[in-house]
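So this one's run37.cif, mmCIF, C-alpha atoms and all ligand atoms:
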data_upload
loop_
_atom_site.label_atom_id
_atom_site.label_comp_id
_atom_site.auth_asym_id
_atom_site.auth_seq_id
_atom_site.Cartn_x
_atom_site.Cartn_y
_atom_site.Cartn_z
CA MET A 1 -23.03 -2.03 22.79
CA ASN A 2 -21.45 -5.19 21.41
CA LEU A 3 -18.09 -4.64 19.79
CA PRO A 4 -16.94 -7.11 17.12
CA SER A 5 -14.30 -9.48 18.47
CA GLN A 6 -10.69 -9.09 17.52
CA THR A 7 -8.46 -11.84 16.22
CA THR A 8 -5.10 -12.11 17.93
CA VAL A 9 -1.97 -13.46 16.26
CA LEU A 10 1.30 -13.75 18.16
CA GLN A 11 4.59 -13.64 16.26
CA VAL A 12 7.60 -15.32 17.81
CA SER A 13 10.93 -15.31 16.04
CA ASP A 14 14.52 -16.42 16.25
CA THR A 15 14.19 -18.81 19.18
CA HIS A 16 17.49 -20.56 18.21
CA LEU A 17 16.60 -23.74 20.10
CA SER A 18 19.02 -26.54 20.97
CA PRO A 19 19.33 -29.02 23.82
CA ASP A 20 22.76 -27.43 24.41
CA PHE A 21 21.32 -23.89 24.83
CA ALA A 22 19.43 -23.95 28.13
CA ALA A 23 18.87 -20.19 28.35
CA GLY A 24 17.08 -20.23 24.97
CA THR A 25 14.87 -23.10 26.07
CA GLU A 26 13.98 -21.21 29.28
CA MET A 27 12.82 -18.22 27.21
CA TRP A 28 10.83 -20.54 24.96
CA THR A 29 9.20 -22.12 28.00
CA ALA A 30 8.19 -18.64 29.23
CA ALA A 31 6.65 -17.93 25.82
CA VAL A 32 4.81 -21.28 25.82
CA ARG A 33 3.33 -20.51 29.26
CA TYR A 34 2.23 -17.04 28.09
CA ILE A 35 0.67 -18.51 24.94
CA GLU A 36 -1.17 -21.23 26.85
CA LYS A 37 -2.52 -18.61 29.27
CA THR A 38 -3.57 -15.97 26.72
CA ARG A 39 -4.65 -18.35 23.91
CA PRO A 40 -3.97 -16.29 20.75
CA ASP A 41 -5.91 -17.46 17.71
CA LEU A 42 -2.66 -18.27 15.89
CA VAL A 43 1.08 -18.33 16.67
CA ILE A 44 3.46 -17.58 13.79
CA HIS A 45 7.15 -18.47 14.15
CA THR A 46 9.19 -16.48 11.63
CA GLY A 47 12.22 -18.72 11.59
CA ASP A 48 15.62 -19.49 13.08
CA VAL A 49 13.78 -21.95 15.26
CA VAL A 50 17.00 -24.02 15.31
CA HIS A 51 19.98 -22.77 17.32
CA ASP A 52 22.66 -22.42 14.65
CA ASP A 53 23.49 -25.30 12.30
CA PRO A 54 21.04 -26.05 9.43
CA ASP A 55 22.55 -29.56 9.11
CA CYS A 56 22.11 -30.55 12.78
CA ASP A 57 19.36 -33.20 12.92
CA ARG A 58 19.52 -33.28 16.72
CA ASP A 59 18.67 -29.56 17.01
CA HIS A 60 15.89 -29.87 14.40
CA GLU A 61 14.37 -32.76 16.31
CA PHE A 62 14.59 -30.81 19.59
CA ALA A 63 13.09 -27.63 18.07
CA ALA A 64 10.25 -29.59 16.42
CA PHE A 65 9.46 -31.18 19.79
CA GLN A 66 9.42 -27.73 21.42
CA MET A 67 6.97 -26.38 18.81
CA ARG A 68 4.65 -29.27 19.57
CA ARG A 69 4.36 -28.12 23.19
CA LEU A 70 1.91 -25.49 21.85
CA SER A 71 -1.76 -26.46 22.02
CA THR A 72 -2.83 -23.39 20.00
CA PRO A 73 -2.72 -23.43 16.19
CA TRP A 74 0.72 -22.47 14.87
CA ARG A 75 2.59 -22.05 11.61
CA ILE A 76 6.29 -21.62 10.92
CA VAL A 77 8.50 -20.36 8.08
CA PRO A 78 12.18 -21.29 7.87
CA GLY A 79 15.13 -19.07 8.78
CA ASN A 80 18.71 -19.19 7.52
CA HIS A 81 19.81 -21.22 10.55
CA ASP A 82 17.10 -23.78 9.71
CA ILE A 83 17.74 -24.35 5.97
CA GLY A 84 20.83 -22.34 4.95
CA ASP A 85 21.23 -18.78 3.77
CA SER A 86 20.84 -16.57 0.70
CA PRO A 87 23.53 -14.38 -0.91
CA PRO A 88 25.50 -12.23 -0.21
CA ASP A 89 27.81 -13.69 2.46
CA PRO A 90 25.71 -16.77 3.28
CA PHE A 91 26.31 -17.84 6.86
CA ARG A 92 26.94 -21.64 6.94
CA GLY A 93 26.30 -21.85 3.18
CA LEU A 94 23.34 -21.53 0.83
CA VAL A 95 19.97 -23.23 1.14
CA SER A 96 20.00 -26.68 -0.47
CA ALA A 97 17.48 -29.34 -1.49
CA GLU A 98 18.69 -31.57 1.35
CA ARG A 99 18.26 -28.79 3.91
CA LEU A 100 14.79 -27.92 2.58
CA GLU A 101 13.79 -31.57 2.85
CA ARG A 102 15.03 -31.70 6.45
CA PHE A 103 12.93 -28.66 7.44
CA ARG A 104 9.82 -30.03 5.74
CA ARG A 105 10.31 -33.40 7.45
CA TYR A 106 10.48 -31.87 10.93
CA PHE A 107 8.18 -28.84 10.63
CA GLY A 108 5.92 -29.38 7.60
CA ALA A 109 5.47 -27.07 4.61
CA ASP A 110 7.78 -24.05 4.34
CA ARG A 111 4.93 -21.90 2.96
CA TRP A 112 1.28 -21.71 4.01
CA SER A 113 -1.86 -19.64 3.86
CA VAL A 114 -4.44 -19.12 6.62
CA VAL A 115 -7.69 -17.14 6.48
CA ILE A 116 -8.26 -15.64 9.92
CA GLY A 117 -10.20 -12.64 11.25
CA GLY A 118 -11.13 -11.51 7.75
CA TRP A 119 -7.46 -11.42 6.71
CA GLN A 120 -5.45 -13.84 4.62
CA LEU A 121 -2.07 -14.50 6.24
CA ILE A 122 0.57 -16.04 4.01
CA GLY A 123 3.87 -17.56 5.14
CA LEU A 124 6.73 -17.49 2.64
CA ASN A 125 10.18 -19.08 2.53
CA SER A 126 12.29 -15.93 2.15
CA LEU A 127 15.52 -17.91 1.75
CA LEU A 128 14.36 -18.98 -1.72
CA PHE A 129 14.31 -15.36 -2.91
CA ASP A 130 17.20 -14.38 -5.21
CA ASN A 131 18.94 -17.67 -4.43
CA HIS A 132 20.13 -20.54 -6.65
CA LEU A 133 17.18 -22.99 -6.42
CA ALA A 134 15.38 -21.34 -9.33
CA ALA A 135 12.67 -23.98 -9.73
CA GLU A 136 11.75 -23.83 -6.02
CA GLU A 137 11.65 -20.02 -6.15
CA ALA A 138 9.49 -19.94 -9.30
CA GLU A 139 7.10 -22.47 -7.78
CA GLN A 140 6.70 -20.31 -4.68
CA TRP A 141 6.00 -17.13 -6.70
CA GLY A 142 3.37 -19.03 -8.71
CA TRP A 143 1.82 -20.37 -5.51
CA LEU A 144 1.74 -16.84 -4.02
CA GLU A 145 -0.03 -15.45 -7.10
CA GLU A 146 -2.70 -18.16 -6.73
CA ARG A 147 -3.18 -17.36 -3.03
CA LEU A 148 -3.51 -13.63 -3.80
CA ARG A 149 -6.15 -14.37 -6.43
CA GLU A 150 -8.00 -16.45 -3.82
CA ALA A 151 -7.88 -13.53 -1.34
CA ASP A 152 -10.37 -11.74 -3.60
CA GLY A 153 -10.20 -8.36 -1.84
CA ARG A 154 -9.43 -9.68 1.65
CA PRO A 155 -6.50 -7.78 3.24
CA VAL A 156 -3.32 -9.86 3.03
CA GLY A 157 -0.44 -10.10 5.50
CA VAL A 158 2.81 -11.85 4.59
CA PHE A 159 5.16 -13.41 7.14
CA MET A 160 8.73 -14.47 6.34
CA HIS A 161 12.15 -14.70 7.98
CA LYS A 162 14.29 -12.09 6.23
CA PRO A 163 12.82 -8.58 6.04
CA PRO A 164 11.91 -7.24 2.59
CA ALA A 165 14.18 -4.22 3.15
CA ILE A 166 16.01 -2.41 5.92
CA ASN A 167 14.34 1.02 5.77
CA SER A 168 12.05 1.23 2.76
CA LEU A 169 10.74 -0.99 -0.01
CA ASP A 170 12.30 1.29 -2.62
CA GLU A 171 15.86 1.19 -1.28
CA ASP A 172 18.50 -0.40 -3.55
CA LEU A 173 20.64 -1.71 -0.71
CA HIS A 174 21.21 -5.47 -0.73
CA VAL A 175 22.92 -6.93 2.31
CA ASN A 176 22.60 -10.28 4.07
CA LYS A 177 20.10 -8.74 6.53
CA SER A 178 17.32 -8.56 3.89
CA ILE A 179 16.02 -10.31 0.77
CA GLY A 180 17.50 -9.49 -2.64
CA LEU A 181 16.61 -6.65 -4.98
CA THR A 182 14.61 -8.65 -7.56
CA SER A 183 12.33 -10.17 -4.93
CA ARG A 184 12.01 -6.85 -3.11
CA GLY A 185 10.82 -5.28 -6.38
CA ARG A 186 8.23 -8.03 -6.88
CA LEU A 187 6.92 -7.64 -3.32
CA ARG A 188 6.90 -3.83 -3.72
CA ALA A 189 4.75 -4.22 -6.85
CA LEU A 190 2.27 -6.32 -4.86
CA VAL A 191 2.18 -3.64 -2.13
CA GLU A 192 1.69 -0.88 -4.72
CA ALA A 193 -1.17 -2.85 -6.24
CA GLY A 194 -2.79 -3.04 -2.79
CA ALA A 195 -2.46 -6.83 -2.75
CA VAL A 196 -0.30 -6.94 0.42
CA ARG A 197 -0.93 -4.69 3.43
CA LEU A 198 1.39 -6.09 6.07
CA ILE A 199 4.80 -7.82 6.02
CA GLY A 200 6.07 -9.33 9.28
CA SER A 201 9.63 -10.65 9.47
CA GLY A 202 12.41 -11.67 11.85
CA HIS A 203 16.18 -12.25 11.33
CA LEU A 204 17.34 -8.81 12.53
CA HIS A 205 16.72 -9.72 16.20
CA GLU A 206 15.35 -6.19 16.54
CA HIS A 207 11.84 -4.73 16.74
CA VAL A 208 11.26 -2.40 13.79
CA VAL A 209 7.94 -0.94 12.64
CA LEU A 210 7.90 1.07 9.43
CA TYR A 211 4.97 2.51 7.57
CA SER A 212 6.06 2.92 3.97
CA GLN A 213 4.18 5.91 2.69
CA GLY A 214 3.89 6.82 -0.95
CA TYR A 215 2.43 3.52 -2.10
CA SER A 216 -1.07 3.23 -3.40
CA HIS A 217 -2.34 1.54 -0.28
CA GLY A 218 0.71 1.49 1.98
CA ALA A 219 2.16 -1.50 3.77
CA LEU A 220 3.03 -1.91 7.40
CA LEU A 221 6.48 -3.50 7.74
CA VAL A 222 7.09 -5.14 11.12
CA GLY A 223 10.36 -6.68 12.28
CA ALA A 224 10.08 -8.93 15.33
CA PRO A 225 12.87 -9.10 17.90
CA ALA A 226 14.37 -12.45 18.82
CA LEU A 227 12.56 -14.15 21.67
CA GLY A 228 15.89 -13.99 23.47
CA PRO A 229 17.78 -14.34 25.62
CA LEU A 230 19.66 -11.09 25.87
CA PRO A 231 20.92 -10.52 29.43
CA ALA A 232 18.60 -8.30 31.51
CA GLY A 233 19.20 -4.58 31.00
CA THR A 234 21.07 -4.95 27.69
CA ALA A 235 18.34 -3.78 25.27
CA THR A 236 19.79 -1.28 22.79
CA TRP A 237 18.59 0.81 19.86
CA ASN A 238 20.21 -0.04 16.53
CA LEU A 239 18.06 -0.38 13.38
CA GLY A 240 15.23 -0.84 15.89
CA LEU A 241 15.00 -1.98 19.48
CA ARG A 242 17.22 -4.97 20.17
CA CYS A 243 15.46 -6.68 23.07
CA ASN A 244 13.82 -9.95 24.11
CA GLY A 245 10.26 -10.01 22.85
CA LEU A 246 7.18 -11.16 20.99
CA VAL A 247 4.90 -9.21 18.64
CA GLU A 248 1.13 -9.23 19.02
CA TYR A 249 -1.17 -8.42 16.08
CA ARG A 250 -4.85 -7.63 16.66
CA PHE A 251 -6.93 -7.84 13.48
CA LEU A 252 -10.32 -6.14 13.38
CA GLY A 253 -12.02 -5.59 10.04
CA ASP A 254 -9.35 -4.34 7.63
CA THR A 255 -7.25 -2.79 10.40
CA VAL A 256 -4.37 -4.29 12.34
CA ARG A 257 -2.84 -3.05 15.59
CA VAL A 258 0.68 -4.11 16.48
CA ARG A 259 2.16 -4.28 19.98
CA LEU A 260 5.62 -5.27 21.14
CA LEU A 261 5.61 -7.53 24.18
CA ARG A 262 8.89 -7.21 26.04
CA GLU A 263 10.18 -9.87 28.40
CA ALA A 264 8.51 -8.29 31.45
CA ASP A 265 5.16 -8.46 29.62
CA PHE A 266 5.22 -12.22 29.03
CA ARG A 267 7.62 -13.55 31.63
CA PRO A 268 6.66 -12.78 35.23
CA ALA A 269 9.60 -12.01 37.53
FE FE B 1 18.21 -15.36 14.19
FE FE B 2 18.23 -15.31 10.64
#

So, in terms of structure tokens, how does the structure I just supplied come out?
Amino acid sequence: MNLPSQTTVLQVSDTHLSPDFAAGTEMWTAAVRYIEKTRPDLVIHTGDVVHDDPDCDRDHEFAAFQMRRLSTPWRIVPGNHDIGDSPPDPFRGLVSAERLERFRRYFGADRWSVVIGGWQLIGLNSLLFDNHLAAEEAEQWGWLEERLREADGRPVGVFMHKPPAINSLDEDLHVNKSIGLTSRGRLRALVEAGAVRLIGSGHLHEHVVLYSQGYSHGALLVGAPALGPLPAGTATWNLGLRCNGLVEYRFLGDTVRVRLLREADFRPA
């Protein structure tokens, strides 16, 4: 019996790369070797590719070079360390036009759409949500509506840096760890309408998988851990599992299976 082939997407997040952070580059090199060996159909980086400072050209240049070590197709969305933060309590200040331009210069567009394995995967710049660059935010929402119309019944997965919520799409908690309430409500409406089935994010540096029941079609919410490096043996449970890792998605028809790859799974001893 011939089984239909699966499409594999690998999510990597929060690599925090810099020429001054050798341990982070070693973890990235381990991930590159795993990717080159296993050849996923697509690699998605969900942001904080740059070590710390959104204004550091040297780190952006280094991180962009590191991304180009991949010979597989890849896409990236920006994190707060790449382009600045969103309220409340923005770390190293808010996103700005200058910072956006820097990201686009080094990494390309900060939003994208890919049709793969019967799914439409859409990357969004989550730092624009509920922030002060109103025209940029409005443009992105309009662009998303167009992409969803194009999906025409295809299941849609969204990838972005900040998670849409901490525990549930209907919570009214707004902290720096997630997007703001207005944007969460708009995304929740898309989930309730069945337009979005999967939301993958980073930023928390913890692996979290939530199935939000009670919506018309339900949405799988997946938080990827940081690639690392946490010292060996220091994984802890907090909101989710704080560990070094990658997340593998296998798409088959309208289903998706999600698997956490911990350091031992992708980095041989
Ligand atoms: Fe991060
Ligand atoms: Fe972050």

Proximity to ligand FE 2 (chain B) - best of A:Ala189, A:Ala269, A:Val50, A:Leu252, all atoms listed in the file: A:Val50

Could you give me, as a tab-separated table (two decimals) with C-alpha atoms, in the coordinates of the input, the residues that sit within 10 Å of (20.7, -27.9, 14.3) in the file's coordinates, counting all atoms listed in the file?
chain	number	residue	atom	x	y	z
A	16	HIS	CA	17.49	-20.56	18.21
A	17	LEU	CA	16.60	-23.74	20.10
A	18	SER	CA	19.02	-26.54	20.97
A	19	PRO	CA	19.33	-29.02	23.82
A	48	ASP	CA	15.62	-19.49	13.08
A	49	VAL	CA	13.78	-21.95	15.26
A	50	VAL	CA	17.00	-24.02	15.31
A	51	HIS	CA	19.98	-22.77	17.32
A	52	ASP	CA	22.66	-22.42	14.65
A	53	ASP	CA	23.49	-25.30	12.30
A	54	PRO	CA	21.04	-26.05	9.43
A	55	ASP	CA	22.55	-29.56	9.11
A	56	CYS	CA	22.11	-30.55	12.78
A	57	ASP	CA	19.36	-33.20	12.92
A	58	ARG	CA	19.52	-33.28	16.72
A	59	ASP	CA	18.67	-29.56	17.01
A	60	HIS	CA	15.89	-29.87	14.40
A	61	GLU	CA	14.37	-32.76	16.31
A	62	PHE	CA	14.59	-30.81	19.59
A	63	ALA	CA	13.09	-27.63	18.07
A	81	HIS	CA	19.81	-21.22	10.55
A	82	ASP	CA	17.10	-23.78	9.71
A	83	ILE	CA	17.74	-24.35	5.97

Closest-contact table, chain A side, partner ligand FE 1 (chain B), 12 Å, counting all atoms listed in the file, as a tab-separated table:
residue	atom	partner	partner_atom	distance
A:Val12	CA	B:FE1	FE	11.2
A:Ser13	CA	B:FE1	FE	7.5
A:Asp14	CA	B:FE1	FE	4.4
A:Thr15	CA	B:FE1	FE	7.3
A:His16	CA	B:FE1	FE	6.6
A:Leu17	CA	B:FE1	FE	10.4
A:Gly24	CA	B:FE1	FE	11.9
A:His45	CA	B:FE1	FE	11.5
A:Thr46	CA	B:FE1	FE	9.4
A:Gly47	CA	B:FE1	FE	7.3
A:Asp48	CA	B:FE1	FE	5.0
A:Val49	CA	B:FE1	FE	8.0
A:Val50	CA	B:FE1	FE	8.8
A:His51	CA	B:FE1	FE	8.2
A:Asp52	CA	B:FE1	FE	8.4
A:Asp53	CA	B:FE1	FE	11.4
A:Pro78	CA	B:FE1	FE	10.6
A:Gly79	CA	B:FE1	FE	7.2
A:Asn80	CA	B:FE1	FE	7.7
A:His81	CA	B:FE1	FE	7.1
A:Asp82	CA	B:FE1	FE	9.6
A:Gly84	CA	B:FE1	FE	11.9
A:Asp85	CA	B:FE1	FE	11.4
A:Phe91	CA	B:FE1	FE	11.2
A:His161	CA	B:FE1	FE	8.7
A:Lys162	CA	B:FE1	FE	9.5
A:Pro163	CA	B:FE1	FE	11.9
A:Lys177	CA	B:FE1	FE	10.3
A:Ser201	CA	B:FE1	FE	10.9
A:Gly202	CA	B:FE1	FE	7.3
A:His203	CA	B:FE1	FE	4.7
A:Leu204	CA	B:FE1	FE	6.8
A:His205	CA	B:FE1	FE	6.2
A:Glu206	CA	B:FE1	FE	9.9
A:Gly223	CA	B:FE1	FE	11.9
A:Ala224	CA	B:FE1	FE	10.4
A:Pro225	CA	B:FE1	FE	9.0
A:Ala226	CA	B:FE1	FE	6.7
A:Leu227	CA	B:FE1	FE	9.5
A:Gly228	CA	B:FE1	FE	9.7
A:Pro229	CA	B:FE1	FE	11.5

Mind dumping the selected residues with C-alpha atoms as an mmCIF file, in the coordinates of the input?
data_model
loop_
_atom_site.group_PDB
_atom_site.id
_atom_site.type_symbol
_atom_site.label_atom_id
_atom_site.label_comp_id
_atom_site.auth_asym_id
_atom_site.auth_seq_id
_atom_site.Cartn_x
_atom_site.Cartn_y
_atom_site.Cartn_z
ATOM 1 C CA VAL A 12 7.600 -15.320 17.810
ATOM 2 C CA SER A 13 10.930 -15.310 16.040
ATOM 3 C CA ASP A 14 14.520 -16.420 16.250
ATOM 4 C CA THR A 15 14.190 -18.810 19.180
ATOM 5 C CA HIS A 16 17.490 -20.560 18.210
ATOM 6 C CA LEU A 17 16.600 -23.740 20.100
ATOM 7 C CA GLY A 24 17.080 -20.230 24.970
ATOM 8 C CA HIS A 45 7.150 -18.470 14.150
ATOM 9 C CA THR A 46 9.190 -16.480 11.630
ATOM 10 C CA GLY A 47 12.220 -18.720 11.590
ATOM 11 C CA ASP A 48 15.620 -19.490 13.080
ATOM 12 C CA VAL A 49 13.780 -21.950 15.260
ATOM 13 C CA VAL A 50 17.000 -24.020 15.310
ATOM 14 C CA HIS A 51 19.980 -22.770 17.320
ATOM 15 C CA ASP A 52 22.660 -22.420 14.650
ATOM 16 C CA ASP A 53 23.490 -25.300 12.300
ATOM 17 C CA PRO A 78 12.180 -21.290 7.870
ATOM 18 C CA GLY A 79 15.130 -19.070 8.780
ATOM 19 C CA ASN A 80 18.710 -19.190 7.520
ATOM 20 C CA HIS A 81 19.810 -21.220 10.550
ATOM 21 C CA ASP A 82 17.100 -23.780 9.710
ATOM 22 C CA GLY A 84 20.830 -22.340 4.950
ATOM 23 C CA ASP A 85 21.230 -18.780 3.770
ATOM 24 C CA PHE A 91 26.310 -17.840 6.860
ATOM 25 C CA HIS A 161 12.150 -14.700 7.980
ATOM 26 C CA LYS A 162 14.290 -12.090 6.230
ATOM 27 C CA PRO A 163 12.820 -8.580 6.040
ATOM 28 C CA LYS A 177 20.100 -8.740 6.530
ATOM 29 C CA SER A 201 9.630 -10.650 9.470
ATOM 30 C CA GLY A 202 12.410 -11.670 11.850
ATOM 31 C CA HIS A 203 16.180 -12.250 11.330
ATOM 32 C CA LEU A 204 17.340 -8.810 12.530
ATOM 33 C CA HIS A 205 16.720 -9.720 16.200
ATOM 34 C CA GLU A 206 15.350 -6.190 16.540
ATOM 35 C CA GLY A 223 10.360 -6.680 12.280
ATOM 36 C CA ALA A 224 10.080 -8.930 15.330
ATOM 37 C CA PRO A 225 12.870 -9.100 17.900
ATOM 38 C CA ALA A 226 14.370 -12.450 18.820
ATOM 39 C CA LEU A 227 12.560 -14.150 21.670
ATOM 40 C CA GLY A 228 15.890 -13.990 23.470
ATOM 41 C CA PRO A 229 17.780 -14.340 25.620
#

Sel. within 10 Å of pt (17.5, -14.3, 2.5), counting only C-alpha atoms, output as a PyMOL selection string: chain A and resi 79-80+84-88+90+94-95+125-131+160-164+175-180+183+203

Pairwise distance for CA of Arg262 (chain A) and CA of Leu246 (chain A), rounded to one decimal in Å: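 These atoms are spaced 6.6 Å apart.
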
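One finds CA of Arg186 (chain A) at 15.7 Å from CA of Arg149 (chain A).
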
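You can rank A:Thr255, A:Thr236, A:Gln6, A:Gln120 by their closest distance to Gly153 (chain A) using all atoms listed in the file, and at the top of that list sits A:Gln120.
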
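Across the model, the gap from CA of Leu181 (chain A) to CA of Ile166 (chain A) is 11.7 Å.
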
Counting only C-alpha atoms, the residue of A:Trp143, A:Tyr34, A:Trp119, A:Tyr211 that sits nearest Gly245 (chain A): A:Tyr34

Among the residues A:Ser71, A:Glu146, A:Ala64, A:Val196, the one that comes closest to Arg102 (chain A) [using all atoms listed in the file]: A:Ala64

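Checking A:Asp110, A:Glu263, A:Glu26, A:Val77 one by one against ligand FE 2 (chain B), counting all atoms listed in the file, you find the shortest gap at A:Val77.
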
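Of the listed residues A:Arg75, A:Arg92, A:Arg69, A:Arg104, the one whose atoms come nearest to ligand FE 2 (chain B) is A:Arg92, with distances taken using only C-alpha atoms and all ligand atoms.
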
Shell of 8 Å around Leu169 (chain A), only C-alpha atoms, local chain residues under 3 positions omitted, as a ChimeraX atom specification: /A:164-165,184-185,188,212

Using C-alpha atoms, can you export the residues from the last selection as a short mmCIF file (atom, residue, chain, number, x, y, z; two decimals), in the coordinates of the input?
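Heads up, here's the output in part_36.cif:
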data_model
loop_
_atom_site.label_atom_id
_atom_site.label_comp_id
_atom_site.auth_asym_id
_atom_site.auth_seq_id
_atom_site.Cartn_x
_atom_site.Cartn_y
_atom_site.Cartn_z
CA PRO A 164 11.91 -7.24 2.59
CA ALA A 165 14.18 -4.22 3.15
CA ARG A 184 12.01 -6.85 -3.11
CA GLY A 185 10.82 -5.28 -6.38
CA ARG A 188 6.90 -3.83 -3.72
CA SER A 212 6.06 2.92 3.97
#
